[in-house]
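See below for data28.cif, which holds mmCIF, C-alpha atoms.
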```
data_upload
#
loop_
_atom_site.group_PDB
_atom_site.id
_atom_site.type_symbol
_atom_site.label_atom_id
_atom_site.label_comp_id
_atom_site.auth_asym_id
_atom_site.auth_seq_id
_atom_site.Cartn_x
_atom_site.Cartn_y
_atom_site.Cartn_z
ATOM 1 C CA PRO A 1 -51.119 -3.353 -85.665
ATOM 2 C CA HIS A 2 -50.333 0.247 -86.511
ATOM 3 C CA ILE A 3 -47.468 1.638 -84.470
ATOM 4 C CA HIS A 4 -48.076 5.284 -83.587
ATOM 5 C CA SER A 5 -45.517 5.999 -80.864
ATOM 6 C CA ILE A 6 -42.148 4.946 -79.519
ATOM 7 C CA GLU A 7 -43.895 3.738 -76.367
ATOM 8 C CA GLN A 8 -46.052 1.452 -78.470
ATOM 9 C CA ALA A 9 -42.983 0.277 -80.439
ATOM 10 C CA VAL A 10 -41.136 -0.523 -77.202
ATOM 11 C CA ALA A 11 -44.151 -2.467 -75.912
ATOM 12 C CA ILE A 12 -44.304 -4.515 -79.121
ATOM 13 C CA LEU A 13 -40.539 -5.136 -79.089
ATOM 14 C CA SER A 14 -40.691 -6.272 -75.449
ATOM 15 C CA ALA A 15 -42.449 -9.432 -76.637
ATOM 16 C CA TYR A 16 -39.099 -10.508 -78.115
ATOM 17 C CA VAL A 17 -37.188 -10.179 -74.828
ATOM 18 C CA PRO A 18 -38.241 -13.499 -73.200
ATOM 19 C CA ALA A 19 -36.572 -15.482 -76.008
ATOM 20 C CA VAL A 20 -33.224 -14.074 -74.886
ATOM 21 C CA LYS A 21 -33.543 -15.672 -71.453
ATOM 22 C CA GLU A 22 -34.530 -19.008 -72.971
ATOM 23 C CA ILE A 23 -31.609 -19.341 -75.374
ATOM 24 C CA THR A 24 -28.756 -17.271 -73.956
ATOM 25 C CA GLY A 25 -25.765 -19.435 -73.208
ATOM 26 C CA LYS A 26 -26.965 -22.512 -75.072
ATOM 27 C CA ASP A 27 -28.715 -21.888 -78.380
ATOM 28 C CA ILE A 28 -27.333 -18.669 -79.814
ATOM 29 C CA THR A 29 -26.167 -19.554 -83.310
ATOM 30 C CA LEU A 30 -26.143 -17.787 -86.649
ATOM 31 C CA GLU A 31 -28.521 -20.469 -87.892
ATOM 32 C CA ARG A 32 -31.230 -18.701 -85.877
ATOM 33 C CA MET A 33 -30.729 -15.624 -88.071
ATOM 34 C CA THR A 34 -30.824 -17.437 -91.427
ATOM 35 C CA PRO A 35 -34.637 -17.754 -91.838
ATOM 36 C CA LEU A 36 -35.107 -14.164 -90.701
ATOM 37 C CA MET A 37 -32.550 -12.784 -93.138
ATOM 38 C CA ASP A 38 -33.845 -14.985 -95.961
ATOM 39 C CA VAL A 39 -37.372 -13.561 -95.583
ATOM 40 C CA LEU A 40 -35.877 -10.070 -95.809
ATOM 41 C CA GLY A 41 -33.927 -10.888 -98.967
ATOM 42 C CA ASN A 42 -30.566 -11.000 -97.149
ATOM 43 C CA PRO A 43 -30.105 -7.230 -96.939
ATOM 44 C CA GLN A 44 -26.731 -7.676 -95.243
ATOM 45 C CA ASN A 45 -25.423 -8.880 -98.617
ATOM 46 C CA LYS A 46 -26.425 -5.599 -100.271
ATOM 47 C CA LEU A 47 -24.385 -3.365 -97.963
ATOM 48 C CA ARG A 48 -20.795 -2.247 -97.566
ATOM 49 C CA ILE A 49 -20.251 -3.042 -93.912
ATOM 50 C CA ILE A 50 -17.786 -1.898 -91.318
ATOM 51 C CA HIS A 51 -18.167 -4.319 -88.415
ATOM 52 C CA VAL A 52 -16.909 -3.162 -85.009
ATOM 53 C CA ALA A 53 -16.230 -5.647 -82.201
ATOM 54 C CA GLY A 54 -14.388 -5.643 -78.894
ATOM 55 C CA THR A 55 -14.839 -5.576 -75.157
ATOM 56 C CA SER A 56 -14.463 -1.839 -74.702
ATOM 57 C CA GLY A 57 -14.449 1.157 -76.995
ATOM 58 C CA LYS A 58 -16.584 -0.314 -79.738
ATOM 59 C CA THR A 59 -19.437 2.191 -79.514
ATOM 60 C CA SER A 60 -17.061 5.165 -79.568
ATOM 61 C CA THR A 61 -15.124 3.602 -82.429
ATOM 62 C CA ALA A 62 -18.336 2.992 -84.389
ATOM 63 C CA TYR A 63 -19.315 6.653 -83.927
ATOM 64 C CA TYR A 64 -15.828 7.827 -85.002
ATOM 65 C CA ILE A 65 -15.966 5.716 -88.160
ATOM 66 C CA ALA A 66 -19.489 6.856 -89.007
ATOM 67 C CA THR A 67 -18.467 10.484 -88.460
ATOM 68 C CA MET A 68 -15.422 10.173 -90.731
ATOM 69 C CA LEU A 69 -17.473 8.570 -93.483
ATOM 70 C CA GLN A 70 -20.184 11.200 -93.197
ATOM 71 C CA GLN A 71 -17.554 13.950 -93.363
ATOM 72 C CA GLN A 72 -16.498 12.433 -96.694
ATOM 73 C CA GLY A 73 -20.038 12.927 -98.006
ATOM 74 C CA LYS A 74 -21.159 9.325 -97.577
ATOM 75 C CA LYS A 75 -24.636 8.282 -96.459
ATOM 76 C CA VAL A 76 -23.955 6.208 -93.353
ATOM 77 C CA GLY A 77 -26.142 3.787 -91.438
ATOM 78 C CA LEU A 78 -25.097 3.164 -87.830
ATOM 79 C CA THR A 79 -26.407 0.670 -85.322
ATOM 80 C CA VAL A 80 -25.147 0.455 -81.755
ATOM 81 C CA SER A 81 -26.038 -1.776 -78.855
ATOM 82 C CA PRO A 82 -27.284 -1.127 -76.307
ATOM 83 C CA HIS A 83 -29.113 2.123 -76.870
ATOM 84 C CA ILE A 84 -28.889 4.780 -74.158
ATOM 85 C CA ASP A 85 -31.980 6.997 -74.352
ATOM 86 C CA SER A 86 -34.215 5.547 -77.054
ATOM 87 C CA VAL A 87 -34.511 2.421 -79.167
ATOM 88 C CA THR A 88 -34.353 4.743 -82.185
ATOM 89 C CA GLU A 89 -30.579 4.947 -81.580
ATOM 90 C CA ARG A 90 -30.389 1.420 -83.006
ATOM 91 C CA ILE A 91 -31.132 2.810 -86.477
ATOM 92 C CA GLN A 92 -29.224 5.972 -87.330
ATOM 93 C CA ILE A 93 -28.689 7.647 -90.672
ATOM 94 C CA ASN A 94 -25.820 10.109 -90.791
ATOM 95 C CA LEU A 95 -25.525 9.992 -86.997
ATOM 96 C CA GLN A 96 -29.171 10.897 -86.462
ATOM 97 C CA PRO A 97 -31.559 8.365 -84.921
ATOM 98 C CA LEU A 98 -34.718 7.984 -86.941
ATOM 99 C CA ASP A 99 -37.461 10.329 -85.838
ATOM 100 C CA GLU A 100 -40.394 8.743 -84.045
ATOM 101 C CA TRP A 101 -42.708 8.666 -87.064
ATOM 102 C CA ARG A 102 -40.097 7.150 -89.406
ATOM 103 C CA PHE A 103 -38.981 4.565 -86.828
ATOM 104 C CA CYS A 104 -42.552 3.462 -86.064
ATOM 105 C CA SER A 105 -43.511 3.340 -89.742
ATOM 106 C CA ALA A 106 -40.424 1.316 -90.692
ATOM 107 C CA LEU A 107 -40.847 -1.037 -87.720
ATOM 108 C CA GLU A 108 -44.476 -1.666 -88.651
ATOM 109 C CA GLU A 109 -43.485 -2.535 -92.239
ATOM 110 C CA PHE A 110 -40.594 -4.715 -91.031
ATOM 111 C CA LEU A 111 -42.731 -6.658 -88.541
ATOM 112 C CA GLN A 112 -45.271 -7.389 -91.286
ATOM 113 C CA LEU A 113 -42.498 -8.954 -93.367
ATOM 114 C CA ILE A 114 -41.271 -11.244 -90.587
ATOM 115 C CA GLN A 115 -44.508 -12.247 -88.876
ATOM 116 C CA GLU A 116 -44.300 -15.884 -90.047
ATOM 117 C CA VAL A 117 -40.568 -16.399 -89.364
ATOM 118 C CA THR A 118 -39.516 -19.262 -87.132
ATOM 119 C CA PRO A 119 -37.779 -19.419 -84.840
ATOM 120 C CA GLN A 120 -38.975 -16.143 -83.386
ATOM 121 C CA PRO A 121 -35.944 -13.885 -83.112
ATOM 122 C CA THR A 122 -34.637 -12.518 -79.858
ATOM 123 C CA TYR A 123 -34.833 -8.788 -79.197
ATOM 124 C CA PHE A 124 -31.216 -8.312 -80.325
ATOM 125 C CA GLU A 125 -31.591 -10.498 -83.429
ATOM 126 C CA LEU A 126 -34.734 -8.617 -84.403
ATOM 127 C CA LEU A 127 -33.074 -5.203 -84.043
ATOM 128 C CA VAL A 128 -29.979 -6.323 -85.972
ATOM 129 C CA ALA A 129 -32.132 -7.625 -88.832
ATOM 130 C CA PHE A 130 -34.207 -4.424 -88.705
ATOM 131 C CA ALA A 131 -31.036 -2.322 -89.024
ATOM 132 C CA TYR A 132 -29.680 -4.331 -91.969
ATOM 133 C CA TRP A 133 -33.077 -4.243 -93.681
ATOM 134 C CA TYR A 134 -33.567 -0.513 -93.176
ATOM 135 C CA PHE A 135 -30.031 0.387 -94.272
ATOM 136 C CA ALA A 136 -30.471 -1.608 -97.489
ATOM 137 C CA LYS A 137 -33.929 -0.112 -98.043
ATOM 138 C CA VAL A 138 -32.693 3.498 -97.845
ATOM 139 C CA GLY A 139 -29.472 2.773 -99.730
ATOM 140 C CA VAL A 140 -26.707 3.776 -97.361
ATOM 141 C CA ASP A 141 -23.182 3.946 -98.773
ATOM 142 C CA TYR A 142 -21.809 2.260 -95.640
ATOM 143 C CA ALA A 143 -23.341 0.454 -92.677
ATOM 144 C CA VAL A 144 -21.355 0.680 -89.446
ATOM 145 C CA ILE A 145 -22.436 -2.263 -87.327
ATOM 146 C CA GLU A 146 -21.522 -2.745 -83.667
ATOM 147 C CA THR A 147 -21.597 -6.297 -82.355
ATOM 148 C CA GLY A 148 -23.663 -7.317 -79.358
ATOM 149 C CA PHE A 149 -21.844 -9.947 -77.305
ATOM 150 C CA GLY A 150 -19.340 -10.523 -80.058
ATOM 151 C CA GLY A 151 -17.981 -13.923 -80.930
ATOM 152 C CA LEU A 152 -18.672 -16.103 -83.920
ATOM 153 C CA HIS A 153 -22.373 -16.514 -83.163
ATOM 154 C CA ASP A 154 -23.217 -12.844 -82.662
ATOM 155 C CA GLY A 155 -26.264 -12.029 -84.797
ATOM 156 C CA THR A 156 -24.393 -9.253 -86.593
ATOM 157 C CA ASN A 157 -22.097 -11.902 -88.103
ATOM 158 C CA VAL A 158 -24.704 -12.834 -90.705
ATOM 159 C CA ALA A 159 -22.794 -10.234 -92.735
ATOM 160 C CA GLN A 160 -20.087 -12.424 -94.214
ATOM 161 C CA LEU A 161 -19.154 -10.937 -97.584
ATOM 162 C CA ALA A 162 -15.435 -10.821 -98.303
ATOM 163 C CA ASP A 163 -15.395 -7.014 -98.557
ATOM 164 C CA LYS A 164 -16.635 -6.504 -94.986
ATOM 165 C CA ILE A 165 -14.179 -4.428 -92.976
ATOM 166 C CA CYS A 166 -13.675 -5.675 -89.428
ATOM 167 C CA VAL A 167 -12.475 -3.371 -86.665
ATOM 168 C CA ILE A 168 -11.530 -4.872 -83.324
ATOM 169 C CA THR A 169 -11.093 -2.715 -80.243
ATOM 170 C CA ASP A 170 -9.550 -3.935 -76.984
ATOM 171 C CA ILE A 171 -10.475 -7.531 -76.199
ATOM 172 C CA GLY A 172 -10.872 -8.776 -72.638
ATOM 173 C CA LEU A 173 -12.793 -11.450 -70.795
ATOM 174 C CA ASP A 174 -16.465 -10.573 -70.840
ATOM 175 C CA HIS A 175 -19.674 -12.583 -71.202
ATOM 176 C CA THR A 176 -17.644 -15.672 -70.239
ATOM 177 C CA LYS A 177 -20.736 -17.838 -69.635
ATOM 178 C CA ILE A 178 -21.603 -17.384 -73.297
ATOM 179 C CA LEU A 179 -18.300 -16.755 -75.090
ATOM 180 C CA GLY A 180 -15.960 -18.902 -73.003
ATOM 181 C CA ASP A 181 -13.259 -18.139 -70.464
ATOM 182 C CA THR A 182 -10.277 -17.533 -72.768
ATOM 183 C CA ILE A 183 -9.512 -14.667 -75.142
ATOM 184 C CA PRO A 184 -9.475 -16.910 -78.250
#
```

Spell out the structure here as structure tokens.
Amino acid sequence: PHIHSIEQAVAILSAYVPAVKEITGKDITLERMTPLMDVLGNPQNKLRIIHVAGTSGKTSTAYYIATMLQQQGKKVGLTVSPHIDSVTERIQINLQPLDEWRFCSALEEFLQLIQEVTPQPTYFELLVAFAYWYFAKVGVDYAVIETGFGGLHDGTNVAQLADKICVITDIGLDHTKILGDTIP
């Protein structure tokens, strides 16, 4: 379907939310992301990535890094999770969320590419793949990627090239039902 508004985009994306409840805590693995990324041509392997993880401070740190890179004249893709005001915050170029038309147009194209993918991604997995795909499509110099839950199986970890820069903010116990009850 054609996506003409953010409200329509949010309604379409909401179909991916139930999968989160079904798999959270038992079936979140990077293997879920592999078919999705393969269909997209593995865009995460075409990007210079700065990957930001931690319990607190990761969103601020991601914004600081993106700002510094932009100040150096670089074209910077930024994705943060969760978004505050609009889902468009999940895909930013040079610290600006995509405008409504561009977001809806890109989402429509992206969803066409992945319509046959199994397993169906969760909301978070879908938005991570969308960010990687869009950043590769528009040719950013750097992609600043904030983790979701974090941990080895976080969907953002499909980016595994040796030149990925990892930034870790303060680590504490959080999401213990999913990540475990120790810091390691």

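Each of A:Ala131, A:Cys166, A:Ile93, A:Val144 was compared to Ser60 (chain A) using all atoms listed in the file, and A:Val144 turns out to be the nearest.
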
Exercise: Gln70 (chain A) partners within 12 Å, only C-alpha atoms, chain neighbours under 3 positions left out, as an MDAnalysis selection string: chainID A and resid 63:67 73:78 92:96 140:144

message: Please expand the PyMOL selection byres ((chain A and resi 161) around 10) into the concrete residues it hits in this file, giving the result as an NGL selection string.
response: :A and (44-49 or 157-160 or 162-165)

- request: Measuring atom to atom with all atoms listed in the file, identify which of A:Thr169, A:Ser105, A:Asn42, A:Thr118 is nearest to Ile6 (chain A).
  value: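 Among the listed residues, A:Ser105 lies closest to Ile6 (chain A).
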
- request: Using only C-alpha atoms, find the one residue out of A:His2, A:Arg90, A:Lys58, A:Arg32 that sits nearest to Gln112 (chain A).
  value: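 Closest to Gln112 (chain A), using only C-alpha atoms: A:His2.
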
Polymer residues at most 8 Å from Glu125 (chain A), only C-alpha atoms, same-chain spacing of 5 or more positions, as a PyMOL selection string: chain A and resi 33+155-156

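One distance worth recording is that between CA of Pro82 (chain A) and CA of Phe124 (chain A), which is 9.1 Å.
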
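With only C-alpha atoms as the atoms that count, the residue of A:Ile12, A:Leu127, A:Leu30, A:Val39 with the shortest distance to Ile145 (chain A) is A:Leu127.
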
message: Could you list, as an NGL selection string, every residue matched by the PyMOL selection byres ((chain A and resi 8) around 12) in this structure?
response: :A and (1-7 or 9-15 or 87 or 100-101 or 103-105 or 107-108)

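The two atoms in question, CA of Leu36 (chain A) and CA of Val17 (chain A), are spaced 16.5 Å apart.
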
query: Contacts of Thr88 (chain A) at 6 Å or less, counting all atoms listed in the file, minus same-chain residues fewer than 3 places along, as a VMD selection string?
result: chain A and resid 91 97 to 98

With C-alpha atoms retained, export the selected residues as an mmCIF file, in the frame of the given file.
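Wrote selection.cif, looks like this:
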```cif
data_model
loop_
_atom_site.group_PDB
_atom_site.id
_atom_site.type_symbol
_atom_site.label_atom_id
_atom_site.label_comp_id
_atom_site.auth_asym_id
_atom_site.auth_seq_id
_atom_site.Cartn_x
_atom_site.Cartn_y
_atom_site.Cartn_z
ATOM 1 C CA ILE A 91 -31.132 2.810 -86.477
ATOM 2 C CA PRO A 97 -31.559 8.365 -84.921
ATOM 3 C CA LEU A 98 -34.718 7.984 -86.941
#
```

message: I'd like to know which of A:Met37, A:Ile84, A:Val138, A:Pro18 is closest to Thr122 (chain A), using only C-alpha atoms.
response: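 Ranking A:Met37, A:Ile84, A:Val138, A:Pro18 by distance to Thr122 (chain A), first place goes to A:Pro18.
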
- line: One decimal place gives the CA of His153 (chain A)-CA of Ser86 (chain A) separation as 25.8 Å

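Here the question is which of A:Thr79, A:Leu40, A:Thr61, A:Ala53 gets nearest to Phe110 (chain A) using all atoms listed in the file, and that residue is A:Leu40.
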